[in-house]
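Chemist: start.cif (mmCIF, C-alpha atoms and all ligand atoms) pasted underneath:
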```
data_upload
#
loop_
_atom_site.label_atom_id
_atom_site.label_comp_id
_atom_site.auth_asym_id
_atom_site.auth_seq_id
_atom_site.Cartn_x
_atom_site.Cartn_y
_atom_site.Cartn_z
CA MET M 27 128.99 69.32 129.82
CA PRO M 28 131.00 67.63 127.04
CA THR M 29 134.26 69.19 125.85
CA PRO M 30 133.62 71.37 122.80
CA TYR M 31 135.23 70.42 119.50
CA TYR M 32 135.45 74.15 118.82
CA SER M 33 134.39 77.29 120.61
CA ILE M 34 134.75 80.94 119.72
CA SER M 35 132.80 83.73 121.47
CA ASP M 36 129.14 82.71 121.17
CA PHE M 37 129.61 79.79 118.77
CA THR M 38 130.21 76.28 120.15
CA LEU M 39 130.43 72.95 118.35
CA TYR M 40 130.28 69.48 119.90
CA GLN M 41 131.28 66.31 118.09
CA GLY M 42 129.36 63.08 118.53
CA ASP M 43 126.09 61.27 118.11
CA SER M 44 123.33 63.71 119.06
CA LEU M 45 121.27 60.91 120.53
CA GLU M 46 123.92 60.69 123.29
CA LEU M 47 125.47 64.15 123.15
CA LEU M 48 122.26 66.06 123.82
CA LYS M 49 121.80 64.18 127.11
CA SER M 50 125.02 65.67 128.47
CA ILE M 51 124.34 69.30 127.45
CA ASP M 52 122.88 71.38 130.25
CA GLU M 53 122.38 74.81 128.79
CA PRO M 54 118.72 75.83 128.29
CA VAL M 55 118.08 77.19 124.81
CA ASP M 56 115.55 79.67 123.38
CA MET M 57 115.18 78.10 119.97
CA ILE M 58 116.07 74.84 118.25
CA PHE M 59 116.55 74.54 114.54
CA ALA M 60 116.91 70.92 113.45
CA ASP M 61 117.67 69.69 109.96
CA PRO M 62 117.75 65.96 110.74
CA PRO M 63 118.31 63.07 108.34
CA TYR M 64 115.29 62.79 106.03
CA PHE M 65 116.15 59.10 105.40
CA LEU M 66 115.85 59.31 101.65
CA SER M 67 119.18 58.00 100.32
CA THR M 68 118.73 54.55 98.81
CA GLY M 69 122.22 54.62 97.38
CA ASN M 70 120.97 53.92 93.83
CA GLY M 71 118.67 56.87 93.08
CA LYS M 72 119.65 59.48 90.50
CA VAL M 73 118.90 63.15 90.03
CA ASN M 74 119.22 65.36 86.97
CA ILE M 75 121.54 68.30 87.67
CA ASN M 76 122.12 70.62 84.70
CA GLY M 77 121.32 67.80 82.25
CA GLN M 78 123.57 65.21 83.94
CA TYR M 79 122.23 62.28 85.92
CA ILE M 80 124.12 62.22 89.21
CA LYS M 81 123.96 59.42 91.77
CA PHE M 82 121.76 60.58 94.62
CA ASP M 83 123.36 59.61 97.92
CA LYS M 84 123.76 62.03 100.81
CA GLY M 85 125.68 59.60 103.01
CA ASN M 86 125.18 56.72 105.44
CA TRP M 87 123.49 59.00 107.95
CA ASP M 88 120.65 59.52 105.46
CA ARG M 89 119.98 55.84 104.57
CA VAL M 90 116.35 54.75 104.23
CA ARG M 91 114.91 53.25 107.45
CA THR M 92 111.66 51.54 108.40
CA ARG M 93 108.79 53.52 109.89
CA ASP M 94 109.51 52.16 113.39
CA GLU M 95 113.21 52.95 113.12
CA LYS M 96 112.42 56.51 112.07
CA ASN M 97 109.97 56.97 114.95
CA GLU M 98 112.49 55.61 117.43
CA PHE M 99 115.29 57.86 116.13
CA ASN M 100 113.10 60.99 116.06
CA MET M 101 111.66 60.31 119.50
CA LYS M 102 115.14 60.02 121.02
CA TRP M 103 116.59 63.31 119.81
CA LEU M 104 113.32 65.22 120.18
CA SER M 105 112.98 64.09 123.83
CA SER M 106 116.43 65.53 124.58
CA CYS M 107 115.53 68.74 122.75
CA CYS M 108 112.37 68.97 124.81
CA ARG M 109 114.50 68.85 127.99
CA LEU M 110 116.80 71.64 126.76
CA LEU M 111 114.19 73.98 125.32
CA LYS M 112 113.07 76.79 127.62
CA GLU M 113 109.38 76.84 128.60
CA ASN M 114 108.55 79.55 126.05
CA GLY M 115 111.00 78.33 123.40
CA THR M 116 110.14 77.12 119.93
CA ILE M 117 111.49 74.37 117.69
CA TRP M 118 111.83 74.23 113.91
CA VAL M 119 112.26 70.86 112.19
CA CYS M 120 112.92 70.47 108.46
CA GLY M 121 111.78 67.57 106.34
CA THR M 122 109.99 66.01 103.44
CA TYR M 123 107.27 63.35 103.49
CA HIS M 124 109.99 60.80 104.32
CA ASN M 125 110.45 62.07 107.89
CA ILE M 126 108.07 64.92 108.59
CA PHE M 127 105.03 62.82 109.59
CA SER M 128 107.17 60.90 112.07
CA VAL M 129 108.48 64.18 113.50
CA GLU M 130 104.94 65.53 113.88
CA LYS M 131 103.83 62.34 115.67
CA CYS M 132 106.74 62.54 118.11
CA LEU M 133 106.24 66.25 118.78
CA ASP M 134 102.58 65.66 119.54
CA GLU M 135 103.42 62.84 121.96
CA LEU M 136 106.00 65.09 123.65
CA GLY M 137 103.36 67.78 124.31
CA PHE M 138 104.08 70.17 121.43
CA LYS M 139 101.64 71.99 119.17
CA ILE M 140 102.32 73.19 115.64
CA ILE M 141 102.40 76.97 115.21
CA ASN M 142 102.97 76.83 111.45
CA MET M 143 104.00 74.39 108.78
CA VAL M 144 106.17 76.43 106.43
CA VAL M 145 106.63 75.38 102.82
CA TRP M 146 110.12 76.14 101.57
CA GLN M 147 109.60 76.48 97.83
CA LYS M 148 112.74 76.16 95.68
CA PRO M 149 112.48 78.24 92.50
CA ASP M 150 115.07 76.20 90.52
CA PRO M 151 114.69 72.57 91.69
CA PRO M 152 116.65 69.77 90.00
CA THR M 153 114.51 67.61 87.70
CA THR M 154 112.90 64.60 89.40
CA LEU M 155 113.89 61.54 87.37
CA SER M 156 110.48 59.92 86.96
CA ASP M 157 107.56 60.19 84.56
CA LYS M 158 105.27 58.85 87.27
CA ARG M 159 105.41 61.75 89.75
CA LEU M 160 105.56 65.52 89.97
CA ASN M 161 108.84 67.39 90.17
CA PHE M 162 109.78 67.82 93.83
CA CYS M 163 110.30 71.52 94.49
CA ALA M 164 109.53 71.98 98.18
CA GLU M 165 110.62 71.03 101.66
CA TYR M 166 108.67 71.63 104.84
CA LEU M 167 109.46 73.19 108.20
CA ILE M 168 107.39 72.42 111.25
CA TRP M 169 107.46 75.30 113.73
CA ALA M 170 106.19 74.20 117.13
CA THR M 171 106.01 75.13 120.80
CA ARG M 172 104.74 73.47 123.98
CA LYS M 173 100.97 73.02 124.07
CA ARG M 174 100.80 75.04 127.29
CA CYS M 175 102.97 77.91 126.00
CA LYS M 176 101.23 81.15 125.06
CA ASP M 177 104.05 83.69 125.04
CA TYR M 178 106.65 82.33 122.63
CA THR M 179 108.68 84.90 120.65
CA PHE M 180 107.16 85.88 117.34
CA ASN M 181 108.54 89.02 115.70
CA TYR M 182 105.50 89.81 113.60
CA ASP M 183 106.65 93.33 112.73
CA ASP M 184 110.10 92.26 111.49
CA LEU M 185 108.56 89.72 109.14
CA PHE M 186 105.89 92.21 108.06
CA LYS M 187 108.68 94.60 107.07
CA LEU M 188 110.69 91.86 105.37
CA ASN M 189 107.61 90.95 103.35
CA GLY M 190 107.30 94.45 101.90
CA GLY M 191 104.61 95.70 104.31
CA THR M 192 102.21 92.73 104.30
CA GLN M 193 101.76 89.80 106.66
CA MET M 194 104.41 87.12 106.10
CA GLN M 195 102.92 83.99 104.57
CA ASP M 196 103.80 80.36 105.19
CA VAL M 197 105.24 79.73 101.72
CA TRP M 198 108.85 80.93 101.48
CA LYS M 199 110.32 81.05 98.01
CA ILE M 200 114.08 80.86 98.52
CA SER M 201 116.79 79.44 96.24
CA ALA M 202 118.96 76.54 97.41
CA ALA M 203 122.37 77.47 98.85
CA SER M 204 124.38 79.01 96.03
CA ALA M 205 127.98 79.96 95.23
CA TRP M 206 128.21 83.03 97.49
CA GLU M 207 127.55 80.87 100.57
CA ASN M 208 129.74 77.93 99.55
CA LYS M 209 133.08 79.68 99.51
CA CYS M 210 134.50 77.51 102.32
CA GLY M 211 133.21 74.23 100.84
CA LYS M 212 129.79 72.63 100.55
CA HIS M 213 127.68 70.25 102.59
CA PRO M 214 125.51 67.85 100.50
CA THR M 215 122.31 69.11 102.14
CA GLN M 216 123.35 72.62 103.07
CA LYS M 217 120.43 74.91 103.85
CA PRO M 218 120.44 78.45 102.41
CA LEU M 219 121.32 81.23 104.86
CA ARG M 220 118.19 83.12 103.82
CA LEU M 221 115.98 80.31 105.10
CA LEU M 222 117.68 80.40 108.50
CA TYR M 223 117.54 84.18 108.52
CA ARG M 224 113.75 84.09 108.30
CA ALA M 225 113.29 81.41 110.95
CA ILE M 226 115.67 83.11 113.37
CA LEU M 227 114.21 86.55 112.68
CA ALA M 228 110.71 85.19 113.31
CA SER M 229 111.34 83.45 116.58
CA THR M 230 114.33 84.83 118.53
CA LYS M 231 115.71 88.04 120.00
CA PRO M 232 119.33 89.25 119.84
CA GLY M 233 121.37 87.42 122.49
CA ASP M 234 119.13 84.32 122.46
CA THR M 235 120.70 80.86 122.34
CA ILE M 236 119.97 78.58 119.37
CA LEU M 237 120.70 74.85 119.28
CA ASP M 238 121.09 72.76 116.12
CA PRO M 239 121.39 69.02 116.90
CA PHE M 240 122.36 68.15 113.28
CA SER M 241 124.64 71.03 112.57
CA GLY M 242 126.16 69.89 109.24
CA SER M 243 128.08 72.88 107.90
CA SER M 244 126.47 75.05 110.62
CA THR M 245 124.30 77.24 108.44
CA THR M 246 122.19 77.81 111.55
CA GLY M 247 125.28 78.90 113.47
CA ILE M 248 126.51 81.21 110.74
CA ALA M 249 123.11 82.91 110.49
CA ALA M 250 123.00 83.09 114.32
CA THR M 251 126.39 84.83 114.46
CA LEU M 252 125.40 87.25 111.67
CA MET M 253 122.27 88.07 113.66
CA ASN M 254 123.96 88.41 117.05
CA ARG M 255 122.53 85.19 118.56
CA ARG M 256 124.44 82.50 120.49
CA TYR M 257 124.91 79.08 118.90
CA ILE M 258 125.39 75.48 120.01
CA GLY M 259 125.82 72.87 117.26
CA CYS M 260 126.14 69.06 117.43
CA GLU M 261 127.55 67.07 114.53
CA MET M 262 129.10 63.64 114.26
CA SER M 263 131.18 64.16 111.10
CA GLN M 264 134.61 65.70 111.51
CA GLU M 265 134.56 66.76 107.87
CA PHE M 266 131.42 68.86 108.42
CA LEU M 267 132.69 70.22 111.74
CA ASP M 268 135.84 71.43 110.01
CA LEU M 269 133.75 72.99 107.26
CA SER M 270 131.71 74.73 109.98
CA ILE M 271 134.89 76.10 111.54
CA ARG M 272 136.08 77.48 108.20
CA ARG M 273 132.69 79.14 107.71
CA ARG M 274 132.75 80.63 111.21
CA GLU M 275 136.34 81.87 111.00
CA GLN M 276 135.54 83.60 107.76
CA LEU M 277 133.29 85.88 109.81
CA CYS M 278 136.25 87.15 111.86
CA ASP M 279 137.02 89.33 108.85
CA SER M 280 134.63 92.27 109.23
CA ASN M 281 134.35 92.82 105.46
CA ALA M 282 133.38 89.18 104.87
CA PHE M 283 130.95 89.40 107.81
CA MET M 284 129.21 92.46 106.39
CA ALA M 285 129.13 91.10 102.83
CA LEU M 286 127.54 87.82 103.95
CA LYS M 287 125.10 89.57 106.26
CA ARG M 288 124.00 91.89 103.48
CA ARG M 289 123.39 89.03 101.05
CA MET M 290 121.59 86.96 103.67
CA GLU M 291 119.22 89.81 104.49
CA GLU M 292 118.53 90.63 100.86
CA ASP M 293 115.35 89.13 99.49
CA PRO M 294 116.24 88.45 95.85
CA GLU M 295 112.57 88.23 94.94
CA GLU M 296 112.37 91.81 96.05
CA VAL M 297 115.56 93.27 94.63
CA MET M 298 115.09 95.05 91.30
CA VAL M 299 117.46 96.21 88.58
CA LEU M 300 117.12 99.28 86.40
CA VAL M 301 117.90 97.97 82.91
CA ASN M 302 118.92 100.85 80.70
CA HIS M 303 119.92 100.97 77.06
CA ALA M 304 122.71 103.40 76.08
CA ARG M 305 124.72 103.72 72.89
CA THR M 306 128.31 102.46 73.24
CA ASP M 307 130.01 105.85 73.81
CA LEU M 308 127.35 106.98 76.26
CA LYS M 309 127.55 103.67 78.12
CA GLU M 310 131.32 104.04 78.46
CA GLN M 311 130.93 107.53 79.90
CA MET M 312 128.31 106.28 82.36
CA ILE M 313 130.60 103.50 83.56
CA LYS M 314 133.52 105.94 83.81
CA THR M 315 131.54 108.43 85.96
CA GLY M 316 129.17 106.09 87.87
CA ILE M 317 126.24 108.14 86.56
CA CYS M 318 123.29 106.61 84.75
CA TYR M 319 120.58 108.95 83.55
CA THR M 320 117.29 108.61 81.81
CA ARG M 321 114.06 110.49 81.44
CA VAL M 322 111.05 109.49 83.48
CA GLY M 323 107.78 108.69 81.76
CA GLU M 324 106.21 106.62 79.01
CA SER M 325 108.28 107.69 76.04
CA LYS M 326 111.26 106.06 74.32
CA GLY M 327 114.39 106.06 76.49
CA SER M 328 112.44 106.73 79.70
CA VAL M 329 111.76 104.76 82.84
CA LEU M 330 108.34 104.47 84.43
CA VAL M 331 108.18 104.96 88.19
CA THR M 332 106.12 101.86 88.77
CA TYR M 333 105.76 98.84 91.06
CA GLY M 334 109.19 97.68 92.26
CA PHE M 335 110.89 101.03 91.70
CA GLU M 336 111.38 101.56 95.44
CA ARG M 337 113.18 98.19 95.62
CA MET M 338 115.66 99.00 92.88
CA GLN M 339 119.23 98.38 94.03
CA TYR M 340 121.17 97.75 90.81
CA VAL M 341 121.63 99.21 87.37
CA LEU M 342 122.38 97.22 84.24
CA ILE M 343 123.60 99.22 81.26
CA HIS M 344 123.61 97.63 77.80
CA THR M 345 123.66 98.56 74.13
CA ASN M 346 120.88 97.09 71.99
CA GLY M 347 120.62 94.05 74.26
CA THR M 348 124.32 93.17 74.26
CA ASP M 349 127.51 94.11 76.15
CA ALA M 350 125.69 94.52 79.46
CA HIS M 351 127.31 95.72 82.71
CA LEU M 352 125.81 95.38 86.19
CA PHE M 353 126.50 97.72 89.13
CA ARG M 354 125.02 98.40 92.56
CA LEU M 355 123.20 101.71 93.06
CA LYS M 356 124.55 103.99 95.78
CA SER M 357 121.07 104.53 97.20
CA LYS M 358 118.16 102.15 96.96
CA GLY M 359 115.03 103.08 95.03
CA SER M 360 115.77 106.76 94.60
CA PHE M 361 117.08 109.14 92.00
CA GLN M 362 118.09 112.77 91.72
CA ILE M 363 116.79 115.27 89.20
CA TRP M 364 119.64 116.94 87.31
CA SER M 365 119.50 119.63 84.69
CA LYS M 366 120.96 119.10 81.23
CA GLU M 367 123.71 121.61 82.13
CA THR M 368 124.83 119.57 85.16
CA LEU M 369 125.12 116.45 83.03
CA VAL M 370 127.20 118.37 80.50
CA LYS M 371 129.70 119.14 83.29
CA TYR M 372 130.23 115.36 83.68
CA GLY M 373 131.02 114.91 80.00
CA PHE M 374 127.53 113.99 78.75
CA ASN M 375 125.64 115.57 75.91
CA PRO M 376 121.91 115.09 76.57
CA GLU M 377 119.67 116.52 73.90
CA SER M 378 116.04 115.67 74.36
CA SER M 379 115.02 117.16 77.71
CA PRO M 380 115.99 119.98 80.11
CA TYR M 381 115.90 117.58 83.14
CA TYR M 382 116.87 113.95 83.76
CA ALA M 383 116.52 111.32 86.49
CA VAL M 384 120.04 110.45 87.64
CA PHE M 385 121.00 107.14 89.30
CA LEU M 386 124.43 107.10 90.96
CA PHE M 387 126.12 103.70 91.08
CA ASP M 388 129.31 102.17 92.47
CA ASN M 389 131.45 102.00 89.30
CA SER M 390 134.49 100.69 91.24
CA HIS M 391 132.96 97.22 91.42
CA GLU M 392 131.32 95.63 88.39
CA ILE M 393 129.18 92.64 89.36
CA PRO M 394 129.64 89.51 87.23
CA PHE M 395 126.40 87.88 86.13
CA PRO M 396 126.56 84.33 84.82
CA LYS M 397 123.04 84.21 83.41
CA THR M 398 122.75 85.50 79.84
CA PRO M 399 120.04 88.12 80.11
CA ASN M 400 117.44 88.15 77.42
CA LEU M 401 117.24 91.89 77.11
CA ARG M 402 115.36 91.97 73.87
CA ASN M 403 112.67 89.46 74.69
CA LYS M 404 110.05 91.09 72.47
CA ILE M 405 110.37 94.25 74.56
CA MET M 406 111.41 97.55 73.09
CA THR M 407 115.11 97.70 73.99
CA TYR M 408 115.13 101.48 74.20
CA ARG M 409 112.64 101.62 77.06
CA ALA M 410 114.37 101.48 80.46
CA LYS M 411 112.92 98.57 82.45
CA ILE M 412 112.79 97.46 86.05
CA ARG M 413 113.48 93.73 86.33
CA PRO M 414 114.16 91.34 89.25
CA LEU M 415 117.80 90.72 90.13
CA GLY M 416 117.18 86.99 89.83
CA ASP M 417 116.90 87.44 86.04
CA PHE M 418 120.63 88.16 85.97
CA ILE M 419 122.48 86.51 88.84
CA GLU M 420 122.15 83.27 90.81
CA ILE M 421 120.01 83.98 93.87
C1 LIG K 1 120.57 67.40 106.82
S1 LIG K 1 122.21 67.56 107.36
C2 LIG K 1 122.25 69.17 108.07
C3 LIG K 1 122.76 70.22 107.12
C4 LIG K 1 122.84 71.59 107.74
N1 LIG K 1 121.52 72.13 108.02
C5 LIG K 1 123.61 72.56 106.86
O1 LIG K 1 123.03 73.58 106.42
O2 LIG K 1 124.77 72.32 106.58
C6 LIG K 1 122.23 66.51 108.72
C7 LIG K 1 123.58 66.41 109.40
O3 LIG K 1 123.40 65.65 110.58
C8 LIG K 1 124.51 64.82 110.80
N2 LIG K 1 124.00 63.68 111.59
C9 LIG K 1 123.20 62.69 111.18
N3 LIG K 1 122.89 61.89 112.21
C10 LIG K 1 123.51 62.40 113.31
C11 LIG K 1 123.57 62.03 114.67
N4 LIG K 1 122.92 60.97 115.11
N5 LIG K 1 124.30 62.79 115.50
C12 LIG K 1 124.97 63.89 115.04
N6 LIG K 1 124.96 64.28 113.77
C13 LIG K 1 124.23 63.55 112.90
C14 LIG K 1 125.01 64.45 109.40
O4 LIG K 1 126.39 64.18 109.42
C15 LIG K 1 124.66 65.70 108.60
O5 LIG K 1 125.77 66.55 108.49
#
```
What is this file in C-alpha cells?
Modeler:
Amino acid sequence: MPTPYYSISDFTLYQGDSLELLKSIDEPVDMIFADPPYFLSTGNGKVNINGQYIKFDKGNWDRVRTRDEKNEFNMKWLSSCCRLLKENGTIWVCGTYHNIFSVEKCLDELGFKIINMVVWQKPDPPTTLSDKRLNFCAEYLIWATRKRCKDYTFNYDDLFKLNGGTQMQDVWKISAASAWENKCGKHPTQKPLRLLYRAILASTKPGDTILDPFSGSSTTGIAATLMNRRYIGCEMSQEFLDLSIRRREQLCDSNAFMALKRRMEEDPEEVMVLVNHARTDLKEQMIKTGICYTRVGESKGSVLVTYGFERMQYVLIHTNGTDAHLFRLKSKGSFQIWSKETLVKYGFNPESSPYYAVFLFDNSHEIPFPKTPNLRNKIMTYRAKIRPLGDFIEI
C-alpha cells in the first residue's frame, strides 16, 4: 500500500497519478464514485457568470484529448477500479458528452452493466456563450455494476422517503456547490454535497468503504464521513489535497459537522417557508418572542393548510412586502392552536378570532437571505403564503 498523504479515522488520502496509484492500493471497496476529467477545457472558451464573461479553463488535467486518448485514459483507471471493487459493489461515474460515451464503452468492455443513467439537472446554470446551441444545464452520472451481479446495494426505501413518499426518479435537480459548502475554499469543478448524499444513500450501507480516484476537494469523502462511511481518495494536486484536509478537519468540530450534515440532507426543493405579513409593531413583537401567529383558512391574513405545509421549516415575516426577516421553525410542518387570551399573555393583541395557529421559531438566529424576495408579485400581500426556500436563499 502507498503511504497516505493524510489519514484520520476512516478518511484516507493518497497523492499521485491515479493511473499508477490505484494499482498499489489493495483494499476492496463497496462503492466507487468517480468524477474524472471531462476533457473540455480548450483554454480559450468563455462562460457567462453573473453577466461577466470569464475564461473557461479548469486546468491542465482537463485539457481536450482525442477520442483514442480518452478511451486509453478511461480504460486504465476503470480497469484498476474493477480490480478493487467488491463483487457486489457499484460504480458511479460523472460526465458530459465529452467523456461519458467513452466511459460507457470501457465499462461495457470490462463486464459492467448500467443500472441507471442519472441526469443531474442544475437549476441555475451559467449561460452558454453561443447562439448556435442550447444552454447546458445538466451533467450525467452512470451507475453501474458487474453484469453477473444481482445483489448490489440499493436502498429503495431511503430514496422513496427522501423523494417525499414516491419512487425516486433518475433526474436529480440539485444546485451547484454553493457558499455554505465552500467555506474552506473552492475546487473549480466541486460537486455539491447533496449530489453525493443521494448517490451514497442509494448504494451503500453505514460502515461501507467508498473510493474516489479523482478526489479533488473530496466532496465524496466529506459526504462519506457525514454519513458514517469509510473513504479512500486519490488526487494528484497538492492544492486540492490540502483543501480536502481543511474540509475534513472542519468536521472535527461537532457543531460544524451537524450543521453541514443538516444542510446536506435537506432537499431545498422540498423545504417550504411560511411567508407572513405583519404590521411593523406586531412584527417586532413576533421577532422578540419567537411566536408567529395567523388564522387558518381562506380569508385575509390566514394561511391555507395546503400542499407543502408539512414540509414547512422556516418563517419569513414582512410588512407590506418589505423589511422581511427569515427564521427557522422549531418544529417542521406543524403548529399549535392558541386562544386569543394566551397570545395576550405574550404581549399580543389579536382581535379578529378566538383561536390562532401559532408557529414557534428560533428567534436567536436570524437567517440572512441574499435574494431580494418579490413578496408582492401580484399576490395579495396580506394572505400568508407557503413558498419554497429556494425563493429566498441560495440552495
Ligand atoms: C472533476 S475534478 C473532481 C472534483 C471533485 N469531485 C470535487 O467535488 O472536488 C477531477 C480531479 O481529478 C484530479 N486528477 C485529474 N487527473 C488525475 C490523475 N490522473 N490522477 C489523480 N488525480 C487526477 C484533478 O486534479 C481534479 O482535482
Chemist: Hey, which of M:Leu267, M:Lys358, M:Ala170, M:Val129 ends up closest to Asn142 in chain M? Count all atoms listed in the file.
Modeler: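 Of M:Leu267, M:Lys358, M:Ala170, M:Val129, the one nearest Asn142 in chain M, counting all atoms listed in the file, is M:Ala170.
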Chemist: Please indicate the distance in Å from CA of Thr179 in chain M to CA of Glu53 in chain M, rounded to one decimal place.
Modeler: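 Between CA of Thr179 in chain M and CA of Glu53 in chain M the gap is 18.9 Å.
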Chemist: Please, which residues have at least one atom within 10 Å of an atom of ligand LIG 1 (chain K), using only C-alpha atoms and all ligand atoms, listed as a ChimeraX atom specification?
Modeler: /M:40-48,59-65,84-88,99-100,102-103,120-121,203,212-219,221-222,238-248,259-267,269-270
Chemist: Leaving out His344 in chain M and any residue of its chain fewer than 2 positions from it, which residues lie within 9 Å of it when counting all atoms listed in the file, given as a list in words?
Modeler: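 In the requested form, the answer reads Val301, Asn302, His303, Ala304, Arg305, Thr306, Lys309, Leu342, Asn346, Gly347, Thr348, Asp349, Ala350, His351, Leu352 and Leu401 of chain M.
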Chemist: Go through M:Phe335, M:Phe395, M:Arg256, M:Ala164 and flag the residue nearest Asp417 in chain M, using only C-alpha atoms for the distances.
Modeler: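 For Asp417 in chain M, the nearest of the candidates is M:Phe395.
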Chemist: Please report the interatomic distance between CA of Pro30 in chain M and CA of Thr235 in chain M in Å with one decimal.
Modeler: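 Computing the Euclidean distance for CA of Pro30 in chain M and CA of Thr235 in chain M yields 16.0 Å.
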Chemist: Find the residue from M:Ala205, M:Cys108, M:Ala249, M:Leu369 that sits nearest to Gln311 in chain M; use all atoms listed in the file when measuring.
Modeler: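 So, comparing all the options, the nearest one is M:Leu369.
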Chemist: Please, what distance in Å, to one decimal, runs between CA of Ala225 in chain M and CA of Leu39 in chain M?
Modeler: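 Interatomic distance, CA of Ala225 in chain M to CA of Leu39 in chain M: 20.5 Å.
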Chemist: Counting only C-alpha atoms, figure out which residue out of M:Asn281, M:Ser360, M:Thr38, M:Ser204 gets nearest to Arg255 in chain M.
Modeler: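 Closest residue, counting only C-alpha atoms: M:Thr38.
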Chemist: So which one's closest to Val341 in chain M, M:Phe353, M:Trp198, M:Tyr223, M:Phe162? Using only C-alpha atoms, please.
Modeler: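 Using only C-alpha atoms, Val341 in chain M sits closest to M:Phe353.
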Chemist: Please write out, as AutoDock Vina command-line options, where the centre of an axis-aligned box around all listed atoms of range 315-322 of chain M lies and how long its edges are, in Å to one decimal, after adding 5 Å on each side.
Modeler:
```
--center_x 121.3 --center_y 108.3 --center_z 84.7 --size_x 30.5 --size_y 14.4 --size_z 16.4
```
Chemist: Please determine, counting only C-alpha atoms, which residue among M:Asn114, M:Gly334, M:Ile51, M:Arg93 has the shortest atom-to-atom distance to Asp177 in chain M.
Modeler: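 Nearest to Asp177 in chain M: M:Asn114.
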